[in-house]
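Source file: input09.cif. Holds: mmCIF, C-alpha atoms.
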data_input
loop_
_atom_site.group_PDB
_atom_site.id
_atom_site.type_symbol
_atom_site.label_atom_id
_atom_site.label_comp_id
_atom_site.auth_asym_id
_atom_site.auth_seq_id
_atom_site.Cartn_x
_atom_site.Cartn_y
_atom_site.Cartn_z
ATOM 1 C CA MET A 1374 21.521 152.506 -47.090
ATOM 2 C CA LYS A 1375 24.478 154.716 -47.922
ATOM 3 C CA LYS A 1376 26.645 151.631 -48.401
ATOM 4 C CA THR A 1377 24.043 150.060 -50.704
ATOM 5 C CA SER A 1378 23.845 153.235 -52.813
ATOM 6 C CA LEU A 1379 27.615 153.470 -53.037
ATOM 7 C CA PHE A 1380 27.826 149.837 -54.098
ATOM 8 C CA LEU A 1381 25.158 150.412 -56.751
ATOM 9 C CA VAL A 1382 26.945 153.471 -58.131
ATOM 10 C CA LEU A 1383 30.239 151.561 -58.255
ATOM 11 C CA ALA A 1384 28.619 148.548 -59.905
ATOM 12 C CA LEU A 1385 26.902 150.704 -62.536
ATOM 13 C CA SER A 1386 30.090 152.697 -63.220
ATOM 14 C CA THR A 1387 32.087 149.511 -63.640
ATOM 15 C CA GLY A 1388 29.442 148.104 -65.974
ATOM 16 C CA ALA A 1389 29.496 151.291 -68.030
ATOM 17 C CA LEU A 1390 33.279 151.180 -68.269
ATOM 18 C CA PHE A 1391 33.200 147.601 -69.541
ATOM 19 C CA ALA A 1392 30.539 148.548 -72.050
ATOM 20 C CA GLN A 1393 32.729 151.347 -73.412
ATOM 21 C CA LYS A 1394 35.821 149.229 -73.980
ATOM 22 C CA LYS A 1395 35.079 146.688 -76.662
ATOM 23 C CA THR A 1396 37.487 143.939 -77.646
ATOM 24 C CA THR A 1397 37.691 141.155 -80.176
ATOM 25 C CA THR A 1398 40.138 138.294 -80.623
ATOM 26 C CA SER A 1399 39.104 137.637 -84.212
ATOM 27 C CA ALA A 1400 40.057 140.802 -86.054
ATOM 28 C CA THR A 1401 41.520 140.305 -89.524
ATOM 29 C CA VAL A 1402 44.763 141.834 -90.764
ATOM 30 C CA ASN A 1403 45.731 141.455 -94.411
ATOM 31 C CA PHE A 1404 49.239 142.106 -95.676
ATOM 32 C CA ASP A 1405 49.694 142.638 -99.416
ATOM 33 C CA ALA A 1406 53.208 143.144 -100.782
ATOM 34 C CA THR A 1407 52.533 141.741 -104.244
ATOM 35 C CA THR A 1408 54.128 143.322 -107.295
ATOM 36 C CA SER A 1409 53.680 143.020 -111.048
ATOM 37 C CA ILE A 1410 56.292 140.243 -111.100
ATOM 38 C CA ASP A 1411 55.338 138.343 -107.944
ATOM 39 C CA ALA A 1412 51.818 137.600 -106.709
ATOM 40 C CA LEU A 1413 52.899 135.474 -103.734
ATOM 41 C CA PRO A 1414 53.858 137.879 -100.907
ATOM 42 C CA LYS A 1415 50.437 138.388 -99.376
ATOM 43 C CA ALA A 1416 48.930 136.882 -96.272
ATOM 44 C CA GLU A 1417 46.036 136.993 -93.879
ATOM 45 C CA ASN A 1418 45.879 136.841 -90.097
ATOM 46 C CA LYS A 1419 42.409 136.126 -88.718
ATOM 47 C CA THR A 1420 43.222 136.127 -85.019
ATOM 48 C CA ALA A 1421 44.341 139.686 -84.273
ATOM 49 C CA VAL A 1422 43.348 141.179 -80.930
ATOM 50 C CA ALA A 1423 41.686 144.582 -81.209
ATOM 51 C CA ALA A 1424 40.245 147.034 -78.701
ATOM 52 C CA LEU A 1425 38.075 150.113 -79.092
ATOM 53 C CA ASP A 1426 37.000 152.472 -76.341
ATOM 54 C CA THR A 1427 33.885 154.246 -77.564
ATOM 55 C CA LYS A 1428 34.110 156.917 -74.859
ATOM 56 C CA THR A 1429 37.767 157.948 -75.177
ATOM 57 C CA GLY A 1430 38.272 156.919 -78.805
ATOM 58 C CA SER A 1431 41.371 154.881 -78.025
ATOM 59 C CA VAL A 1432 42.060 152.033 -80.447
ATOM 60 C CA ALA A 1433 44.619 149.248 -80.326
ATOM 61 C CA PHE A 1434 45.445 146.044 -82.068
ATOM 62 C CA GLU A 1435 48.004 143.273 -81.731
ATOM 63 C CA VAL A 1436 48.858 140.617 -84.244
ATOM 64 C CA VAL A 1437 50.967 137.463 -83.903
ATOM 65 C CA ILE A 1438 53.408 137.520 -86.823
ATOM 66 C CA LYS A 1439 53.676 133.738 -87.084
ATOM 67 C CA ASN A 1440 49.911 133.452 -87.507
ATOM 68 C CA PHE A 1441 49.988 135.184 -90.905
ATOM 69 C CA ASN A 1442 48.845 132.520 -93.312
ATOM 70 C CA PHE A 1443 50.447 132.479 -96.780
ATOM 71 C CA THR A 1444 49.472 130.141 -99.595
ATOM 72 C CA ASN A 1445 53.108 129.309 -100.347
ATOM 73 C CA PRO A 1446 55.232 127.590 -97.657
ATOM 74 C CA MET A 1447 58.535 129.066 -98.847
ATOM 75 C CA ILE A 1448 57.253 132.655 -98.823
ATOM 76 C CA GLN A 1449 55.877 132.137 -95.303
ATOM 77 C CA GLU A 1450 59.257 130.823 -94.160
ATOM 78 C CA HIS A 1451 61.049 133.839 -95.701
ATOM 79 C CA PHE A 1452 58.534 136.244 -94.124
ATOM 80 C CA ASN A 1453 59.270 134.876 -90.632
ATOM 81 C CA SER A 1454 63.030 134.520 -91.083
ATOM 82 C CA SER A 1455 65.684 136.657 -89.396
ATOM 83 C CA GLY A 1456 66.287 138.526 -92.667
ATOM 84 C CA TRP A 1457 62.665 139.699 -92.720
ATOM 85 C CA MET A 1458 60.195 139.941 -89.851
ATOM 86 C CA ASP A 1459 62.388 137.911 -87.480
ATOM 87 C CA SER A 1460 59.268 136.588 -85.768
ATOM 88 C CA ASP A 1461 61.264 134.551 -83.234
ATOM 89 C CA GLN A 1462 62.555 137.823 -81.778
ATOM 90 C CA PHE A 1463 59.661 140.135 -82.661
ATOM 91 C CA ALA A 1464 56.653 137.885 -82.123
ATOM 92 C CA THR A 1465 53.972 140.541 -82.466
ATOM 93 C CA ALA A 1466 53.186 143.800 -84.230
ATOM 94 C CA ASN A 1467 50.917 146.294 -82.555
ATOM 95 C CA PHE A 1468 49.187 149.625 -82.919
ATOM 96 C CA LYS A 1469 48.182 152.006 -80.138
ATOM 97 C CA GLY A 1470 46.323 155.144 -81.027
ATOM 98 C CA SER A 1471 43.054 157.007 -81.016
ATOM 99 C CA ILE A 1472 40.273 158.456 -83.125
ATOM 100 C CA VAL A 1473 41.108 162.151 -83.318
ATOM 101 C CA ASN A 1474 37.700 163.262 -84.634
ATOM 102 C CA LEU A 1475 35.675 161.299 -82.079
ATOM 103 C CA ALA A 1476 32.906 163.925 -82.116
ATOM 104 C CA ASP A 1477 32.121 162.915 -85.723
ATOM 105 C CA VAL A 1478 31.412 159.294 -84.752
ATOM 106 C CA ASN A 1479 28.118 158.502 -83.049
ATOM 107 C CA PHE A 1480 28.377 155.004 -81.591
ATOM 108 C CA ALA A 1481 24.776 155.243 -80.399
ATOM 109 C CA LYS A 1482 23.296 155.738 -83.863
ATOM 110 C CA ASP A 1483 23.359 153.366 -86.829
ATOM 111 C CA GLY A 1484 25.443 154.637 -89.696
ATOM 112 C CA SER A 1485 28.812 154.724 -91.399
ATOM 113 C CA TYR A 1486 31.351 157.211 -90.092
ATOM 114 C CA ASN A 1487 34.725 158.374 -91.374
ATOM 115 C CA ALA A 1488 37.283 158.362 -88.597
ATOM 116 C CA ASP A 1489 40.776 159.851 -88.533
ATOM 117 C CA VAL A 1490 43.044 157.552 -86.585
ATOM 118 C CA GLU A 1491 46.507 158.471 -85.335
ATOM 119 C CA GLY A 1492 48.917 156.463 -83.260
ATOM 120 C CA ASN A 1493 52.094 154.432 -83.112
ATOM 121 C CA LEU A 1494 52.659 151.288 -85.125
ATOM 122 C CA THR A 1495 55.326 148.847 -83.978
ATOM 123 C CA ILE A 1496 56.585 146.265 -86.449
ATOM 124 C CA HIS A 1497 59.870 144.348 -86.295
ATOM 125 C CA GLY A 1498 60.660 146.128 -83.028
ATOM 126 C CA VAL A 1499 60.539 149.575 -84.658
ATOM 127 C CA THR A 1500 57.864 152.127 -83.733
ATOM 128 C CA ASN A 1501 56.676 154.843 -86.098
ATOM 129 C CA PRO A 1502 53.774 157.286 -85.962
ATOM 130 C CA VAL A 1503 50.988 156.579 -88.459
ATOM 131 C CA LYS A 1504 47.858 158.407 -89.574
ATOM 132 C CA THR A 1505 45.070 156.674 -91.425
ATOM 133 C CA LYS A 1506 41.440 156.994 -92.392
ATOM 134 C CA ALA A 1507 39.076 154.386 -91.013
ATOM 135 C CA VAL A 1508 35.443 153.625 -91.618
ATOM 136 C CA ILE A 1509 33.355 152.796 -88.583
ATOM 137 C CA THR A 1510 29.998 151.166 -89.204
ATOM 138 C CA VAL A 1511 27.447 151.034 -86.400
ATOM 139 C CA GLU A 1512 24.556 148.624 -86.760
ATOM 140 C CA GLY A 1513 22.527 148.000 -83.640
ATOM 141 C CA LYS A 1514 24.957 146.803 -81.005
ATOM 142 C CA LYS A 1515 27.539 145.790 -83.613
ATOM 143 C CA ILE A 1516 30.461 147.993 -84.560
ATOM 144 C CA ASN A 1517 32.819 147.308 -87.454
ATOM 145 C CA ALA A 1518 36.051 149.236 -87.883
ATOM 146 C CA ASN A 1519 37.921 149.026 -91.154
ATOM 147 C CA ALA A 1520 41.146 150.723 -92.211
ATOM 148 C CA THR A 1521 43.529 150.392 -95.125
ATOM 149 C CA PHE A 1522 46.937 152.015 -95.161
ATOM 150 C CA SER A 1523 50.447 151.576 -96.531
ATOM 151 C CA ILE A 1524 53.743 151.380 -94.712
ATOM 152 C CA LYS A 1525 57.313 151.761 -95.936
ATOM 153 C CA LEU A 1526 59.171 148.565 -95.091
ATOM 154 C CA GLU A 1527 62.474 150.405 -94.747
ATOM 155 C CA ASP A 1528 60.911 152.576 -91.995
ATOM 156 C CA TYR A 1529 60.620 149.351 -89.978
ATOM 157 C CA LYS A 1530 64.096 148.121 -90.902
ATOM 158 C CA VAL A 1531 62.719 145.380 -93.104
ATOM 159 C CA THR A 1532 65.001 145.142 -96.096
ATOM 160 C CA GLY A 1533 66.148 142.436 -98.460
ATOM 161 C CA LYS A 1534 67.197 141.472 -101.984
ATOM 162 C CA ALA A 1535 63.625 140.557 -102.928
ATOM 163 C CA ILE A 1536 62.512 144.159 -102.308
ATOM 164 C CA ALA A 1537 65.376 145.552 -104.384
ATOM 165 C CA ALA A 1538 64.553 143.046 -107.130
ATOM 166 C CA GLY A 1539 60.922 144.199 -107.213
ATOM 167 C CA LYS A 1540 59.507 140.878 -106.000
ATOM 168 C CA VAL A 1541 58.165 142.428 -102.790
ATOM 169 C CA ALA A 1542 56.475 145.838 -102.698
ATOM 170 C CA LYS A 1543 58.448 148.556 -100.892
ATOM 171 C CA GLU A 1544 55.187 149.895 -99.508
ATOM 172 C CA PRO A 1545 52.812 147.005 -98.819
ATOM 173 C CA THR A 1546 49.159 147.608 -98.060
ATOM 174 C CA ILE A 1547 47.780 146.662 -94.666
ATOM 175 C CA THR A 1548 44.050 146.180 -94.184
ATOM 176 C CA VAL A 1549 42.548 145.841 -90.722
ATOM 177 C CA SER A 1550 38.959 144.828 -90.062
ATOM 178 C CA ALA A 1551 37.465 144.316 -86.613
ATOM 179 C CA ASP A 1552 33.945 143.433 -85.535
ATOM 180 C CA PHE A 1553 33.133 144.492 -81.971
ATOM 181 C CA MET B 1151 79.616 119.969 -133.305
ATOM 182 C CA SER B 1152 81.728 117.134 -131.935
ATOM 183 C CA LYS B 1153 80.185 114.159 -130.159
ATOM 184 C CA LYS B 1154 81.690 115.410 -126.859
ATOM 185 C CA GLY B 1155 80.242 118.899 -127.462
ATOM 186 C CA LYS B 1156 76.757 117.441 -128.045
ATOM 187 C CA TRP B 1157 76.994 115.509 -124.786
ATOM 188 C CA ILE B 1158 78.004 118.628 -122.851
ATOM 189 C CA LEU B 1159 75.156 120.612 -124.434
ATOM 190 C CA ALA B 1160 72.669 117.865 -123.560
ATOM 191 C CA ILE B 1161 73.843 117.684 -119.923
ATOM 192 C CA VAL B 1162 73.780 121.494 -119.511
ATOM 193 C CA SER B 1163 70.269 121.614 -121.019
ATOM 194 C CA ILE B 1164 69.062 118.889 -118.647
ATOM 195 C CA LEU B 1165 70.575 120.764 -115.658
ATOM 196 C CA ILE B 1166 68.931 124.050 -116.680
ATOM 197 C CA LEU B 1167 65.552 122.367 -117.223
ATOM 198 C CA SER B 1168 65.823 120.505 -113.890
ATOM 199 C CA GLY B 1169 66.680 123.760 -112.089
ATOM 200 C CA ALA B 1170 63.755 125.544 -113.702
ATOM 201 C CA ALA B 1171 61.437 122.677 -112.746
ATOM 202 C CA VAL B 1172 62.589 122.835 -109.100
ATOM 203 C CA VAL B 1173 62.086 126.640 -108.965
ATOM 204 C CA TRP B 1174 58.651 126.293 -110.611
ATOM 205 C CA TYR B 1175 57.683 123.611 -108.085
ATOM 206 C CA ILE B 1176 58.831 125.671 -105.060
ATOM 207 C CA PHE B 1177 56.996 128.820 -106.176
ATOM 208 C CA ASN B 1178 53.791 126.975 -107.040
ATOM 209 C CA GLN B 1179 53.718 124.793 -103.963
ATOM 210 C CA GLU B 1180 50.789 125.334 -101.593
ATOM 211 C CA PHE B 1181 50.186 124.189 -98.043
ATOM 212 C CA SER B 1182 48.564 120.779 -98.065
ATOM 213 C CA ASP B 1183 45.216 119.990 -96.480
ATOM 214 C CA THR B 1184 45.748 119.888 -92.706
ATOM 215 C CA ALA B 1185 43.221 117.050 -92.461
ATOM 216 C CA ASP B 1186 45.797 114.889 -94.256
ATOM 217 C CA ARG B 1187 48.779 116.047 -92.179
ATOM 218 C CA LYS B 1188 50.397 113.839 -89.586
ATOM 219 C CA VAL B 1189 50.064 115.133 -86.020
ATOM 220 C CA SER B 1190 53.304 115.806 -84.086
ATOM 221 C CA PHE B 1191 51.649 116.274 -80.684
ATOM 222 C CA THR B 1192 48.238 115.577 -79.174
ATOM 223 C CA VAL B 1193 47.405 117.671 -76.108
ATOM 224 C CA GLU B 1194 44.563 118.597 -73.759
ATOM 225 C CA ALA B 1195 43.607 122.277 -74.037
ATOM 226 C CA ASN B 1196 44.012 123.305 -70.389
ATOM 227 C CA ASP B 1197 47.326 121.428 -69.963
ATOM 228 C CA PHE B 1198 48.571 122.984 -73.193
ATOM 229 C CA ILE B 1199 47.704 126.515 -72.021
ATOM 230 C CA ARG B 1200 49.416 125.853 -68.696
ATOM 231 C CA GLU B 1201 52.626 124.838 -70.504
ATOM 232 C CA PHE B 1202 52.787 128.290 -72.112
ATOM 233 C CA GLU B 1203 51.883 130.074 -68.887
ATOM 234 C CA THR B 1204 54.617 128.328 -66.912
ATOM 235 C CA ASP B 1205 57.441 128.201 -69.488
ATOM 236 C CA SER B 1206 56.600 129.976 -72.733
ATOM 237 C CA LYS B 1207 60.139 129.681 -74.127
ATOM 238 C CA ARG B 1208 60.134 125.907 -73.839
ATOM 239 C CA ALA B 1209 56.557 125.584 -75.109
ATOM 240 C CA ASN B 1210 57.233 127.824 -78.103
ATOM 241 C CA GLN B 1211 60.349 125.850 -79.024
ATOM 242 C CA LEU B 1212 58.440 122.601 -78.736
ATOM 243 C CA TYR B 1213 55.205 123.391 -80.564
ATOM 244 C CA THR B 1214 55.680 126.353 -82.924
ATOM 245 C CA GLU B 1215 55.132 125.480 -86.607
ATOM 246 C CA LYS B 1216 54.255 121.905 -85.651
ATOM 247 C CA ILE B 1217 50.935 120.227 -86.399
ATOM 248 C CA VAL B 1218 49.289 119.890 -82.993
ATOM 249 C CA ALA B 1219 45.951 118.248 -82.179
ATOM 250 C CA VAL B 1220 44.183 119.913 -79.255
ATOM 251 C CA ASN B 1221 41.363 118.148 -77.403
ATOM 252 C CA GLY B 1222 39.017 120.356 -75.424
ATOM 253 C CA ILE B 1223 35.685 122.069 -74.960
ATOM 254 C CA VAL B 1224 34.607 124.854 -77.311
ATOM 255 C CA SER B 1225 34.365 128.042 -75.212
ATOM 256 C CA ALA B 1226 33.433 130.435 -77.998
ATOM 257 C CA VAL B 1227 32.628 130.476 -81.698
ATOM 258 C CA GLU B 1228 33.688 133.841 -83.107
ATOM 259 C CA SER B 1229 32.327 134.734 -86.500
ATOM 260 C CA ALA B 1230 33.751 137.834 -88.097
ATOM 261 C CA ASP B 1231 33.725 139.017 -91.679
ATOM 262 C CA THR B 1232 33.872 135.809 -93.749
ATOM 263 C CA THR B 1233 35.608 133.685 -91.159
ATOM 264 C CA THR B 1234 34.832 131.684 -88.027
ATOM 265 C CA ASN B 1235 37.360 131.058 -85.267
ATOM 266 C CA ILE B 1236 37.024 128.569 -82.440
ATOM 267 C CA LYS B 1237 38.311 129.345 -78.940
ATOM 268 C CA MET B 1238 39.142 127.191 -75.953
ATOM 269 C CA ILE B 1239 39.496 129.335 -72.843
ATOM 270 C CA ASP B 1240 41.052 128.581 -69.481
ATOM 271 C CA THR B 1241 38.328 130.135 -67.351
ATOM 272 C CA ALA B 1242 40.627 130.418 -64.310
ATOM 273 C CA LYS B 1243 43.037 132.913 -65.918
ATOM 274 C CA GLY B 1244 41.395 133.898 -69.168
ATOM 275 C CA SER B 1245 44.232 132.511 -71.307
ATOM 276 C CA TYR B 1246 42.975 131.004 -74.535
ATOM 277 C CA ILE B 1247 43.743 128.999 -77.651
ATOM 278 C CA ILE B 1248 42.313 130.322 -80.902
ATOM 279 C CA PHE B 1249 41.956 128.247 -84.064
ATOM 280 C CA ALA B 1250 41.673 129.849 -87.512
ATOM 281 C CA PHE B 1251 40.412 127.232 -89.942
ATOM 282 C CA GLN B 1252 41.671 126.326 -93.386
ATOM 283 C CA GLN B 1253 39.252 127.600 -96.040
ATOM 284 C CA GLN B 1254 38.036 124.118 -97.017
ATOM 285 C CA HIS B 1255 37.216 123.326 -93.359
ATOM 286 C CA LEU B 1256 35.398 126.556 -92.433
ATOM 287 C CA ALA B 1257 32.018 124.846 -92.758
ATOM 288 C CA ASP B 1258 33.045 122.376 -90.012
ATOM 289 C CA ALA B 1259 34.011 125.260 -87.711
ATOM 290 C CA LYS B 1260 30.647 126.952 -88.277
ATOM 291 C CA LYS B 1261 28.825 123.780 -87.146
ATOM 292 C CA LEU B 1262 30.535 123.815 -83.727
ATOM 293 C CA LYS B 1263 28.737 125.185 -80.682
ATOM 294 C CA GLU B 1264 29.831 126.413 -77.281
ATOM 295 C CA GLY B 1265 30.208 123.391 -74.979
ATOM 296 C CA ASP B 1266 31.019 120.889 -77.745
ATOM 297 C CA ARG B 1267 33.910 118.530 -77.007
ATOM 298 C CA VAL B 1268 36.161 118.501 -80.032
ATOM 299 C CA SER B 1269 39.634 117.687 -81.309
ATOM 300 C CA ILE B 1270 41.135 120.322 -83.605
ATOM 301 C CA LYS B 1271 44.456 120.077 -85.391
ATOM 302 C CA GLY B 1272 46.402 122.836 -87.047
ATOM 303 C CA SER B 1273 49.713 124.615 -87.405
ATOM 304 C CA CYS B 1274 50.649 126.083 -84.019
ATOM 305 C CA SER B 1275 51.894 129.687 -84.266
ATOM 306 C CA GLY B 1276 53.064 129.727 -80.662
ATOM 307 C CA GLY B 1277 51.982 131.603 -77.569
ATOM 308 C CA THR B 1278 52.367 135.278 -76.691
ATOM 309 C CA TYR B 1279 51.221 137.523 -73.883
ATOM 310 C CA SER B 1280 48.566 139.996 -75.000
ATOM 311 C CA GLU B 1281 49.108 143.486 -73.589
ATOM 312 C CA ILE B 1282 45.570 144.428 -74.584
ATOM 313 C CA LEU B 1283 43.879 141.507 -72.848
ATOM 314 C CA GLU B 1284 46.600 140.948 -70.232
ATOM 315 C CA THR B 1285 46.483 137.235 -70.782
ATOM 316 C CA TRP B 1286 48.226 134.472 -72.736
ATOM 317 C CA LEU B 1287 47.010 133.561 -76.183
ATOM 318 C CA ILE B 1288 48.083 130.630 -78.313
ATOM 319 C CA SER B 1289 47.126 130.892 -81.954
ATOM 320 C CA PHE B 1290 46.711 128.295 -84.681
ATOM 321 C CA LYS B 1291 46.389 128.646 -88.439
ATOM 322 C CA ARG B 1292 45.127 126.284 -91.184
ATOM 323 C CA CYS B 1293 43.043 124.190 -88.791
ATOM 324 C CA ALA B 1294 40.769 121.225 -89.415
ATOM 325 C CA ILE B 1295 38.671 118.943 -87.244
ATOM 326 C CA ASN B 1296 40.864 116.038 -86.097
ATOM 327 C CA LYS B 1297 38.802 113.036 -87.160
#
Target encoding structure tokens, full file:
Amino acid sequence: MKKTSLFLVLALSTGALFAQKKTTTSATVNFDATTSIDALPKAENKTAVAALDTKTGSVAFEVVIKNFNFTNPMIQEHFNSSGWMDSDQFATANFKGSIVNLADVNFAKDGSYNADVEGNLTIHGVTNPVKTKAVITVEGKKINANATFSIKLEDYKVTGKAIAAGKVAKEPTITVSADF
Amino acid sequence: MSKKGKWILAIVSILILSGAAVVWYIFNQEFSDTADRKVSFTVEANDFIREFETDSKRANQLYTEKIVAVNGIVSAVESADTTTNIKMIDTAKGSYIIFAFQQQHLADAKKLKEGDRVSIKGSCSGGTYSEILETWLISFKRCAINK
């Protein structure tokens, strides 16, 4: 009897843990480095991996650099080249952080919540702390997390003539959207 | 202007115009429809995943940025935002291939169901190990049904 109870408690705890950590393999990350003189440097990646723990507030995402889809083949080649993202060496970018105002987000009640997210963003092998606002929308069992923020390319050691020439924004906008 | 001078001016003008035309072409070029692209490799999903699991360096060198047709069973149809991705999962280890479709072929992706046998071709972006999922993932962009 004791063994059965213990098993039940363990099984329920494990189930609860799985329910708290939500993941998706189809999060979207948009990268927009367009400027007034060049509309080409922007891309979309639809296969980012994202995780959200509704109990602890931890959030994470990973994105395969080579899976950013540009409209123009030459810009995509430049983006992946050793002078830019060097995607052969740095295949992924990732973020690990948490919702710092978790008490303001009620995952059990439908609604739209403003979340303050802080963590470390690694791009091009360089890690920097970032803070951003995110909007978390709860609708039934579905959760959507959406955040838009800017980064300074030079902070991630991404430099080049095109940036100096104003063809690529020095501070591109990154938009992340994940449905859990 | 001398006859020689006119010739030089004409040649220089032609060179400048040709250069401008090449630059214009490069900057306005777009990726072609994957449905019309020639396939470099045709593979079975589970064998393909195993190649990355056993020797990712070799597999990445071989397949990355190539048009690859993958035959397999649809394990999941993931709709998010305005897009739909198709997944083929190796149930033994959890490693998976994920296909993001080209805009003009999204409707085909939305028609697929779990369990369908299908051939999908697209630009392989290579395989990486996911720290979040603790498994291998191989991603594709600009995909279309391989008819």
Exercise. Chain B residues within 9 Å of chain A, counting all atoms listed in the file: which ones, as a count of residues only?
Worked result: 32
For this session: Determine, counting all atoms listed in the file, which protein, DNA and RNA residues have an atom within 12 Å of an atom of Val1511 of chain A; residues of the same chain fewer than 3 positions away are not included. Present the result as a list in words.
Result: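 Once the nearby chain positions are removed, what remains is Thr1427, Val1478, Asn1479, Phe1480, Ala1481, Lys1482, Asp1483, Gly1484, Ser1485, Tyr1486, Asn1487, Val1508, Lys1514, Lys1515, Ile1516, Asn1517, Ala1518, Asn1519, Asp1552 and Phe1553 of chain A.
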Problem set entry | Å distance separating atom CA of Trp1157 of chain B from atom CA of Trp1174 of chain B, one decimal place |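 Separation between atom CA of Trp1157 of chain B and atom CA of Trp1174 of chain B: 25.6 Å.
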For this session: Check what the PyMOL selection byres ((chain B and resi 1252) around 8) selects in the file above and give those residues as a PyMOL selection string.
Result: chain B and resi 1183-1184+1250-1251+1253-1256+1291-1294
For this session: To verify the selection step, state as JSON, numbers by chain which residues the PyMOL selection byres ((chain B and resi 1188-1197) around 12) yields on this input.
Result: {"B": [1182, 1183, 1184, 1185, 1186, 1187, 1198, 1199, 1200, 1201, 1202, 1203, 1204, 1209, 1212, 1213, 1214, 1215, 1216, 1217, 1218, 1219, 1220, 1221, 1222, 1223, 1224, 1225, 1237, 1238, 1239, 1240, 1241, 1242, 1243, 1244, 1245, 1246, 1247, 1248, 1249, 1267, 1268, 1269, 1270, 1271, 1272, 1273, 1274, 1287, 1288, 1293, 1294, 1296, 1297]}
For this session: Tell me, in Å to one decimal, how far atom CA of Lys1260 of chain B is from atom CA of Asn1403 of chain A.
Result: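 That distance, rounded to one decimal, is 21.8 Å.
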For this session: Just give me the gap between atom CA of Gln1393 of chain A and atom CA of Ile1547 of chain A in Å, one decimal is fine.
Result: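 Spanning atom CA of Gln1393 of chain A to atom CA of Ile1547 of chain A is a straight-line distance of 26.5 Å.
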Can you tell me which residues surround segment 1489-1495 of chain A at a distance of at most 12 Å, considering only C-alpha atoms, apart from same-chain residues fewer than 5 positions away, and format the answer as a PDB file with C-alpha atoms, in the coordinates of the input?
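To be explicit, this is the file written out as selection-v1.pdb:
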ATOM      1  CA  LEU A1425      38.075 150.113 -79.092  1.00  0.00           C
ATOM      2  CA  GLY A1430      38.272 156.919 -78.805  1.00  0.00           C
ATOM      3  CA  SER A1431      41.371 154.881 -78.025  1.00  0.00           C
ATOM      4  CA  VAL A1432      42.060 152.033 -80.447  1.00  0.00           C
ATOM      5  CA  ALA A1433      44.619 149.248 -80.326  1.00  0.00           C
ATOM      6  CA  PHE A1434      45.445 146.044 -82.068  1.00  0.00           C
ATOM      7  CA  GLU A1435      48.004 143.273 -81.731  1.00  0.00           C
ATOM      8  CA  VAL A1436      48.858 140.617 -84.244  1.00  0.00           C
ATOM      9  CA  ILE A1438      53.408 137.520 -86.823  1.00  0.00           C
ATOM     10  CA  MET A1458      60.195 139.941 -89.851  1.00  0.00           C
ATOM     11  CA  PHE A1463      59.661 140.135 -82.661  1.00  0.00           C
ATOM     12  CA  ALA A1464      56.653 137.885 -82.123  1.00  0.00           C
ATOM     13  CA  THR A1465      53.972 140.541 -82.466  1.00  0.00           C
ATOM     14  CA  ALA A1466      53.186 143.800 -84.230  1.00  0.00           C
ATOM     15  CA  ASN A1467      50.917 146.294 -82.555  1.00  0.00           C
ATOM     16  CA  PHE A1468      49.187 149.625 -82.919  1.00  0.00           C
ATOM     17  CA  LYS A1469      48.182 152.006 -80.138  1.00  0.00           C
ATOM     18  CA  GLY A1470      46.323 155.144 -81.027  1.00  0.00           C
ATOM     19  CA  SER A1471      43.054 157.007 -81.016  1.00  0.00           C
ATOM     20  CA  ILE A1472      40.273 158.456 -83.125  1.00  0.00           C
ATOM     21  CA  VAL A1473      41.108 162.151 -83.318  1.00  0.00           C
ATOM     22  CA  ASN A1474      37.700 163.262 -84.634  1.00  0.00           C
ATOM     23  CA  LEU A1475      35.675 161.299 -82.079  1.00  0.00           C
ATOM     24  CA  ALA A1476      32.906 163.925 -82.116  1.00  0.00           C
ATOM     25  CA  ASP A1477      32.121 162.915 -85.723  1.00  0.00           C
ATOM     26  CA  VAL A1478      31.412 159.294 -84.752  1.00  0.00           C
ATOM     27  CA  THR A1500      57.864 152.127 -83.733  1.00  0.00           C
ATOM     28  CA  ASN A1501      56.676 154.843 -86.098  1.00  0.00           C
ATOM     29  CA  PRO A1502      53.774 157.286 -85.962  1.00  0.00           C
ATOM     30  CA  VAL A1503      50.988 156.579 -88.459  1.00  0.00           C
ATOM     31  CA  LYS A1504      47.858 158.407 -89.574  1.00  0.00           C
ATOM     32  CA  THR A1505      45.070 156.674 -91.425  1.00  0.00           C
ATOM     33  CA  LYS A1506      41.440 156.994 -92.392  1.00  0.00           C
ATOM     34  CA  ALA A1507      39.076 154.386 -91.013  1.00  0.00           C
ATOM     35  CA  VAL A1508      35.443 153.625 -91.618  1.00  0.00           C
ATOM     36  CA  ILE A1509      33.355 152.796 -88.583  1.00  0.00           C
ATOM     37  CA  ALA A1518      36.051 149.236 -87.883  1.00  0.00           C
ATOM     38  CA  ASN A1519      37.921 149.026 -91.154  1.00  0.00           C
ATOM     39  CA  ALA A1520      41.146 150.723 -92.211  1.00  0.00           C
ATOM     40  CA  THR A1521      43.529 150.392 -95.125  1.00  0.00           C
ATOM     41  CA  PHE A1522      46.937 152.015 -95.161  1.00  0.00           C
ATOM     42  CA  SER A1523      50.447 151.576 -96.531  1.00  0.00           C
ATOM     43  CA  ILE A1524      53.743 151.380 -94.712  1.00  0.00           C
ATOM     44  CA  LYS A1525      57.313 151.761 -95.936  1.00  0.00           C
ATOM     45  CA  LEU A1526      59.171 148.565 -95.091  1.00  0.00           C
ATOM     46  CA  ASP A1528      60.911 152.576 -91.995  1.00  0.00           C
ATOM     47  CA  TYR A1529      60.620 149.351 -89.978  1.00  0.00           C
ATOM     48  CA  LYS A1530      64.096 148.121 -90.902  1.00  0.00           C
ATOM     49  CA  ILE A1547      47.780 146.662 -94.666  1.00  0.00           C
TER      50      ILE A1547
END
